[in-house]
>>> print(open('data-v1.tsv').read())   # TSV, N, CA and C atoms
chain	number	residue	atom	x	y	z
A	1	MET	N	11.16	-3.37	5.40
A	1	MET	CA	10.93	-3.77	4.03
A	1	MET	C	10.71	-2.52	3.19
A	2	ASP	N	11.17	-2.57	1.97
A	2	ASP	CA	11.04	-1.46	1.03
A	2	ASP	C	9.56	-1.17	0.75
A	3	LYS	N	9.18	0.10	0.76
A	3	LYS	CA	7.79	0.49	0.57
A	3	LYS	C	7.26	0.06	-0.79
A	4	THR	N	8.10	0.12	-1.81
A	4	THR	CA	7.65	-0.27	-3.14
A	4	THR	C	7.28	-1.75	-3.18
A	5	LYS	N	8.04	-2.57	-2.49
A	5	LYS	CA	7.74	-4.00	-2.43
A	5	LYS	C	6.40	-4.24	-1.72
A	6	MET	N	6.15	-3.48	-0.67
A	6	MET	CA	4.88	-3.61	0.04
A	6	MET	C	3.72	-3.22	-0.87
A	7	ARG	N	3.91	-2.18	-1.67
A	7	ARG	CA	2.86	-1.72	-2.57
A	7	ARG	C	2.56	-2.75	-3.64
A	8	VAL	N	3.58	-3.48	-4.08
A	8	VAL	CA	3.36	-4.56	-5.05
A	8	VAL	C	2.49	-5.64	-4.41
A	9	ILE	N	2.75	-5.94	-3.15
A	9	ILE	CA	1.92	-6.92	-2.43
A	9	ILE	C	0.49	-6.41	-2.33
A	10	PHE	N	0.32	-5.13	-2.01
A	10	PHE	CA	-1.02	-4.55	-1.91
A	10	PHE	C	-1.76	-4.67	-3.24
A	11	GLU	N	-1.07	-4.35	-4.34
A	11	GLU	CA	-1.70	-4.43	-5.66
A	11	GLU	C	-2.08	-5.87	-5.99
A	12	TYR	N	-1.18	-6.79	-5.71
A	12	TYR	CA	-1.45	-8.21	-5.97
A	12	TYR	C	-2.70	-8.67	-5.22
A	13	GLU	N	-2.74	-8.36	-3.94
A	13	GLU	CA	-3.88	-8.79	-3.12
A	13	GLU	C	-5.15	-8.07	-3.53
A	14	PHE	N	-5.07	-6.81	-3.93
A	14	PHE	CA	-6.22	-6.07	-4.43
A	14	PHE	C	-6.81	-6.80	-5.63
A	15	ARG	N	-5.95	-7.20	-6.55
A	15	ARG	CA	-6.40	-7.88	-7.77
A	15	ARG	C	-6.99	-9.25	-7.46
A	16	ARG	N	-6.56	-9.86	-6.35
A	16	ARG	CA	-7.10	-11.15	-5.93
A	16	ARG	C	-8.45	-11.00	-5.23
A	17	GLY	N	-8.77	-9.76	-4.80
A	17	GLY	CA	-10.04	-9.52	-4.13
A	17	GLY	C	-9.98	-9.61	-2.62
A	18	THR	N	-8.77	-9.62	-2.07
A	18	THR	CA	-8.60	-9.67	-0.62
A	18	THR	C	-8.94	-8.31	-0.02
A	19	ASN	N	-9.55	-8.29	1.17
A	19	ASN	CA	-9.89	-6.99	1.77
A	19	ASN	C	-8.71	-6.41	2.54
A	20	ALA	N	-8.77	-5.10	2.78
A	20	ALA	CA	-7.65	-4.36	3.39
A	20	ALA	C	-7.31	-4.86	4.78
A	21	ALA	N	-8.32	-5.17	5.58
A	21	ALA	CA	-8.07	-5.64	6.95
A	21	ALA	C	-7.31	-6.96	6.94
A	22	GLN	N	-7.70	-7.84	6.06
A	22	GLN	CA	-7.06	-9.15	5.96
A	22	GLN	C	-5.62	-9.01	5.48
A	23	ILE	N	-5.39	-8.14	4.51
A	23	ILE	CA	-4.03	-7.94	4.00
A	23	ILE	C	-3.12	-7.39	5.08
A	24	SER	N	-3.56	-6.36	5.78
A	24	SER	CA	-2.71	-5.77	6.81
A	24	SER	C	-2.40	-6.79	7.90
A	25	GLN	N	-3.37	-7.59	8.27
A	25	GLN	CA	-3.14	-8.62	9.28
A	25	GLN	C	-2.14	-9.67	8.78
A	26	ASN	N	-2.33	-10.15	7.56
A	26	ASN	CA	-1.43	-11.18	7.01
A	26	ASN	C	-0.01	-10.67	6.85
A	27	VAL	N	0.15	-9.46	6.34
A	27	VAL	CA	1.48	-8.89	6.14
A	27	VAL	C	2.18	-8.69	7.48
A	28	ASN	N	1.46	-8.19	8.46
A	28	ASN	CA	2.06	-7.98	9.78
A	28	ASN	C	2.44	-9.30	10.45
A	29	GLU	N	1.67	-10.34	10.24
A	29	GLU	CA	2.03	-11.65	10.79
A	29	GLU	C	3.26	-12.22	10.10
A	30	LEU	N	3.35	-12.02	8.80
A	30	LEU	CA	4.45	-12.59	8.03
A	30	LEU	C	5.77	-11.86	8.23
A	31	PHE	N	5.75	-10.53	8.16
A	31	PHE	CA	6.99	-9.76	8.20
A	31	PHE	C	7.32	-9.26	9.60
A	32	SER	N	6.48	-8.48	10.17
A	32	SER	CA	6.62	-8.03	11.56
A	32	SER	C	5.46	-7.10	11.87
A	33	LYS	N	5.25	-6.89	13.13
A	33	LYS	CA	4.13	-6.05	13.57
A	33	LYS	C	4.30	-4.62	13.05
A	34	ASP	N	3.20	-4.01	12.67
A	34	ASP	CA	3.14	-2.62	12.23
A	34	ASP	C	3.85	-2.33	10.91
A	35	VAL	N	4.02	-3.33	10.07
A	35	VAL	CA	4.59	-3.08	8.75
A	35	VAL	C	3.53	-2.49	7.83
A	36	ALA	N	2.31	-3.02	7.92
A	36	ALA	CA	1.22	-2.56	7.07
A	36	ALA	C	0.07	-2.06	7.93
A	37	ASN	N	-0.19	-0.77	7.85
A	37	ASN	CA	-1.29	-0.16	8.57
A	37	ASN	C	-2.56	-0.33	7.72
A	38	GLU	N	-3.65	-0.75	8.34
A	38	GLU	CA	-4.89	-0.99	7.59
A	38	GLU	C	-5.35	0.27	6.85
A	39	ARG	N	-5.23	1.42	7.46
A	39	ARG	CA	-5.66	2.67	6.82
A	39	ARG	C	-4.83	2.94	5.56
A	40	THR	N	-3.54	2.66	5.62
A	40	THR	CA	-2.67	2.85	4.46
A	40	THR	C	-3.08	1.91	3.32
A	41	VAL	N	-3.38	0.66	3.66
A	41	VAL	CA	-3.83	-0.29	2.65
A	41	VAL	C	-5.13	0.19	2.01
A	42	ARG	N	-6.04	0.71	2.83
A	42	ARG	CA	-7.31	1.23	2.31
A	42	ARG	C	-7.07	2.40	1.34
A	43	GLN	N	-6.12	3.26	1.67
A	43	GLN	CA	-5.81	4.39	0.78
A	43	GLN	C	-5.28	3.90	-0.56
A	44	TRP	N	-4.41	2.89	-0.54
A	44	TRP	CA	-3.90	2.33	-1.79
A	44	TRP	C	-5.03	1.67	-2.57
A	45	PHE	N	-5.95	1.01	-1.89
A	45	PHE	CA	-7.08	0.38	-2.58
A	45	PHE	C	-7.95	1.42	-3.26
A	46	GLU	N	-8.16	2.57	-2.62
A	46	GLU	CA	-8.93	3.65	-3.24
A	46	GLU	C	-8.26	4.10	-4.54
A	47	LYS	N	-6.95	4.20	-4.49
A	47	LYS	CA	-6.18	4.60	-5.68
A	47	LYS	C	-6.31	3.55	-6.78
A	48	PHE	N	-6.20	2.28	-6.41
A	48	PHE	CA	-6.33	1.20	-7.39
A	48	PHE	C	-7.73	1.17	-8.00
A	49	ARG	N	-8.77	1.39	-7.18
A	49	ARG	CA	-10.14	1.39	-7.67
A	49	ARG	C	-10.38	2.48	-8.71
A	50	SER	N	-9.65	3.58	-8.57
A	50	SER	CA	-9.80	4.69	-9.53
A	50	SER	C	-9.06	4.40	-10.84
A	51	GLY	N	-8.33	3.28	-10.89
A	51	GLY	CA	-7.62	2.91	-12.11
A	51	GLY	C	-6.16	3.31	-12.12
A	52	ASP	N	-5.69	3.90	-11.04
A	52	ASP	CA	-4.30	4.35	-10.95
A	52	ASP	C	-3.47	3.27	-10.25
A	53	PHE	N	-2.61	2.61	-11.02
A	53	PHE	CA	-1.78	1.55	-10.46
A	53	PHE	C	-0.31	1.95	-10.38
A	54	ASP	N	-0.04	3.25	-10.41
A	54	ASP	CA	1.33	3.75	-10.25
A	54	ASP	C	1.71	3.59	-8.77
A	55	LEU	N	2.82	2.92	-8.50
A	55	LEU	CA	3.21	2.61	-7.13
A	55	LEU	C	4.18	3.61	-6.52
A	56	GLN	N	4.46	4.70	-7.22
A	56	GLN	CA	5.39	5.71	-6.72
A	56	GLN	C	4.65	6.71	-5.83
A	57	ASN	N	5.39	7.37	-4.96
A	57	ASN	CA	4.82	8.42	-4.12
A	57	ASN	C	4.40	9.58	-4.99
A	58	GLU	N	3.31	10.23	-4.59
A	58	GLU	CA	2.86	11.41	-5.29
A	58	GLU	C	3.42	12.64	-4.61
A	59	SER	N	3.63	13.68	-5.41
A	59	SER	CA	4.12	14.93	-4.87
A	59	SER	C	3.12	15.51	-3.88
A	60	ARG	N	3.61	16.04	-2.76
A	60	ARG	CA	2.73	16.59	-1.74
A	60	ARG	C	2.55	18.09	-1.89
A	61	GLY	N	3.29	18.71	-2.79
A	61	GLY	CA	3.12	20.12	-3.05
A	61	GLY	C	3.74	21.02	-2.00
A	62	GLY	N	4.71	20.52	-1.25
A	62	GLY	CA	5.38	21.35	-0.25
A	62	GLY	C	6.39	22.29	-0.87
A	63	PRO	N	6.98	23.15	-0.07
A	63	PRO	CA	7.96	24.09	-0.60
A	63	PRO	C	9.21	23.34	-1.12
A	64	GLU	N	9.85	23.94	-2.10
A	64	GLU	CA	11.04	23.34	-2.69
A	64	GLU	C	12.21	23.39	-1.72
A	65	SER	N	12.96	22.32	-1.67
A	65	SER	CA	14.12	22.23	-0.79
A	65	SER	C	15.25	23.11	-1.33
A	66	LYS	N	15.94	23.84	-0.45
A	66	LYS	CA	17.05	24.72	-0.88
A	66	LYS	C	18.33	24.36	-0.14
A	67	VAL	N	18.78	23.15	-0.35
A	67	VAL	CA	19.99	22.69	0.30
A	67	VAL	C	21.16	22.84	-0.63
>>> encode(input="data-v1.tsv", output="structure tokens")
Amino acid sequence: MDKTKMRVIFEYEFRRGTNAAQISQNVNELFSKDVANERTVRQWFEKFRSGDFDLQNESRGGPESKV
């Protein structure tokens, strides 16, 4: 499943008040095992709690690609 779609689910459930453990369990039961890692959901929840609801990946600050 597309990561952006998963993040939309995480945001929806965050706004509903569902906890990270429950979300990861429900998503893995519905889609397939290991689709949603609980630690990853917790990281997204931390971001949402800070008021940042941007669902795109953040730059990691690595060296620029020279291909």
>>> closest_residue(input="data-v1.tsv", among="A:Ile23, A:Leu30, A:Ser65, A:Gln56", to="Ile9 in chain A", atoms="only N, CA and C atoms")
A:Ile23
>>> atom_distance(input="data-v1.tsv", atom1="CA of Leu55 in chain A", atom2="CA of Ser32 in chain A")
21.8 Å
>>> atom_distance(input="data-v1.tsv", atom1="CA of Phe31 in chain A", atom2="CA of Arg15 in chain A")
20.9 Å
>>> select_by_dssp(input="data-v1.tsv", residues="chain A", states="helix (DSSP H, G or I)", output="PyMOL selection string")
chain A and resi 3-16+20-30+38-49
>>> atom_distance(input="data-v1.tsv", atom1="CA of Glu13 in chain A", atom2="CA of Ser50 in chain A")
16.1 Å
